[in-house]
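The structure appears right after this line, and notes come after that.
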Amino acid sequence: MRLFVGLGNPGGAYSGNRHNIGFMALDAIARVHVAHPWRRRFQGQGSEAVIAGEKVVLLKPDTFMNDSGRAVGEALRFFKLDLSDVTVFHDELDLAPGKLRVKRGGGNAGHNGLRSITALCGNEYRRVRMGIGHPGHKDLVHGYVLRDFAKAEQPWVDDLCRAVADDAALIAGGDDTGFQNRVHLAMEARGWGDVKRVG
């Protein structure tokens, strides 16, 4: 069994925010893999899908970003999973828009959702870092991540989430490098080799 966690803030006011690209990725995975309907569980919205023969629990915490670890910890304890079974999809300021990298453990780069998960659950989980670009100065970060993607950005956001969903079997199977490469190639094929930040 695997646990896929998307990071974001709950509620319609936040649904289009850059900070919510993790939620968007999980929604795409749920659509592509015909997951069960979302329902309230583990202090969030939960669903389940079978991906490449592997049962995958999908979780979007309703605890707000800074308390994401509470929802993740509850799901971990319920299913008796190890951190190695957890993949967290989140926005990444230090990657160019449309880029994606996978890593296990490491620092949290100031990301409050990751910080909460690490503090409450431990650090050795897989992170799927989805690039949203940086506003240019640290004082602008808060407003930038809580602003909606611009209309001009939506096509690459949709394509990135779709590529993540299409190749989710690789990440569920532990092929981090294969997953990363397939998403990269998919974005190149769709013309997103060099996305510029908007807004």
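Simple scheme: letters A, B, ... for chains in structure tokens order, numbers from 1 for residues in each chain, numbers from 1 for ligands in the order shown.
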
Next on the checklist: DSSP on the backbone: which residues in stretch 53-123 of chain A end up as helix (DSSP H, G or I)? Give the answer as number ranges by chain.
Outcome noted: A: 65-79, 83-85, 112-121

Near A:Arg126, within 6 Å and counting only C-alpha atoms, which residues show up once chain neighbours fewer than 2 positions away are dropped, as a short mmCIF file (atom, residue, chain, number, x, y, z; two decimals) with N, CA and C atoms, in the first residue's frame?
```
data_model
loop_
_atom_site.label_atom_id
_atom_site.label_comp_id
_atom_site.auth_asym_id
_atom_site.auth_seq_id
_atom_site.Cartn_x
_atom_site.Cartn_y
_atom_site.Cartn_z
N THR A 87 4.39 9.43 -0.35
CA THR A 87 4.84 10.39 -1.37
C THR A 87 4.03 11.67 -1.20
N LYS A 103 12.70 13.61 -4.68
CA LYS A 103 13.78 13.32 -3.73
C LYS A 103 13.19 12.69 -2.48
N ARG A 104 14.05 12.01 -1.75
CA ARG A 104 13.67 11.44 -0.45
C ARG A 104 14.43 12.17 0.64
#
```

Checklist outcome for this item: The distance between atom CA of A:Ala52 and atom CA of A:Ala35 is 12.9 Å

Checklist entry - Please, which residues of stretch 66-181 of chain A, numbered as in this document, come out strand (DSSP E or B) from DSSP, as a list of chain:residue names? => result A:Val86, A:Thr87, A:Val88, A:Phe89, A:His90, A:Asp91, A:Glu92, A:Leu100, A:Arg101, A:Val102, A:Lys103, A:Arg104, A:Arg126, A:Arg127, A:Val128, A:Arg129, A:Met130, A:Gly131, A:Asp148

Next on the checklist: Let me make sure I understand: among A:Lys60, A:Arg101, A:Arg127, A:His19, which one has the smallest atom-to-atom distance to A:Phe179 if we use only C-alpha atoms?
Outcome noted: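 Among the listed residues, A:Arg101 lies closest to A:Phe179.
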
Next on the checklist: With only C-alpha atoms as the counted atoms, please give the residues lying no more than 10 Å from A:Arg40, apart from itself and same-chain residues fewer than 4 positions off, as a VMD selection string.
Outcome noted: chain A and resid 44 to 47 59 to 62

Keeping C-alpha atoms, export the residues of the selection given above as a compact mmCIF listing (two decimals), in the first residue's frame.
```txt
# COMPACT_ATOMS: atom_id res chain seq x y z
CA GLY A 44 -8.77 15.70 5.23
CA GLN A 45 -10.31 14.44 2.02
CA GLY A 46 -9.41 10.83 1.29
CA SER A 47 -9.84 8.49 -1.63
CA LEU A 59 -5.07 12.32 0.96
CA LYS A 60 -5.63 16.07 0.78
CA PRO A 61 -5.30 17.44 4.35
CA ASP A 62 -7.99 19.88 5.51
```

Checklist entry - Taking into account only C-alpha atoms, which residue in the set A:Leu95, A:Arg115, A:Pro37, A:Val102 is nearest to A:Asp175? => result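 Between A:Leu95, A:Arg115, A:Pro37, A:Val102, the residue approaching A:Asp175 most closely is A:Val102.
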
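Proximity to A:Arg2 was assessed for A:Trp156, A:Trp192, A:Phe42, A:Phe79 counting only C-alpha atoms; the smallest distance is recorded for A:Phe79.
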
Item to check | Counting only C-alpha atoms, the option among A:Met187, A:Leu114, A:Ala13, A:Val128 closest to A:Pro155 | outcome: A:Met187

Next on the checklist: So the first atom is atom CA of A:Asp159 and the second is atom CA of A:Gly107; what is the distance between them in Å, to one decimal place?
Outcome noted: 27.4 Å

Next on the checklist: Which residue is closest to A:Phe23? Choose from A:Asp91, A:Glu74, A:Asp176, A:Asp85 and count only C-alpha atoms.
Outcome noted: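 Counting only C-alpha atoms, the residue closest to A:Phe23 is A:Asp91.
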
Checklist entry - atom CA of A:Asp148 and atom CA of A:Gly16, how far apart in Å? => result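 Computing the Euclidean distance for atom CA of A:Gly16 and atom CA of A:Asp148 yields 4.8 Å.
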
Checklist entry - Counting only C-alpha atoms, which of A:Val5, A:Val86, A:Leu81, A:Ala96 gets nearest to A:Pro135? => result A:Ala96

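Every protein, DNA or RNA residue with an atom at most 10 Å from A:Leu93, where only C-alpha atoms count and chain neighbours fewer than 2 positions away do not, is listed here: A:Arg18, A:His19, A:His90, A:Asp91, A:Leu95, A:Ala96, A:Pro97, A:Ala109, A:Gly110, A:His111, A:Arg129, A:Met130, A:Gly131, A:Ile132, A:Gly133, A:His134, A:Pro135, A:Gly136, A:Val141, A:Tyr144, A:Val145.
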
Item to check | Spatial neighbours of A:Leu83, 12 Å, only C-alpha atoms, chain gap at least 5 places, as a list of chain:residue names | outcome: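 Selected residues are A:Met1, A:Arg2, A:Leu3, A:Phe4, A:Val5, A:Val72, A:Gly73, A:Ala75, A:Leu76, A:Arg77, A:Val88, A:Arg104, A:Gly105, A:Ile117, A:Thr118, A:Leu120, A:Cys121, A:Gly122, A:Asn123, A:Glu124, A:Tyr125, A:Arg126, A:Arg127.
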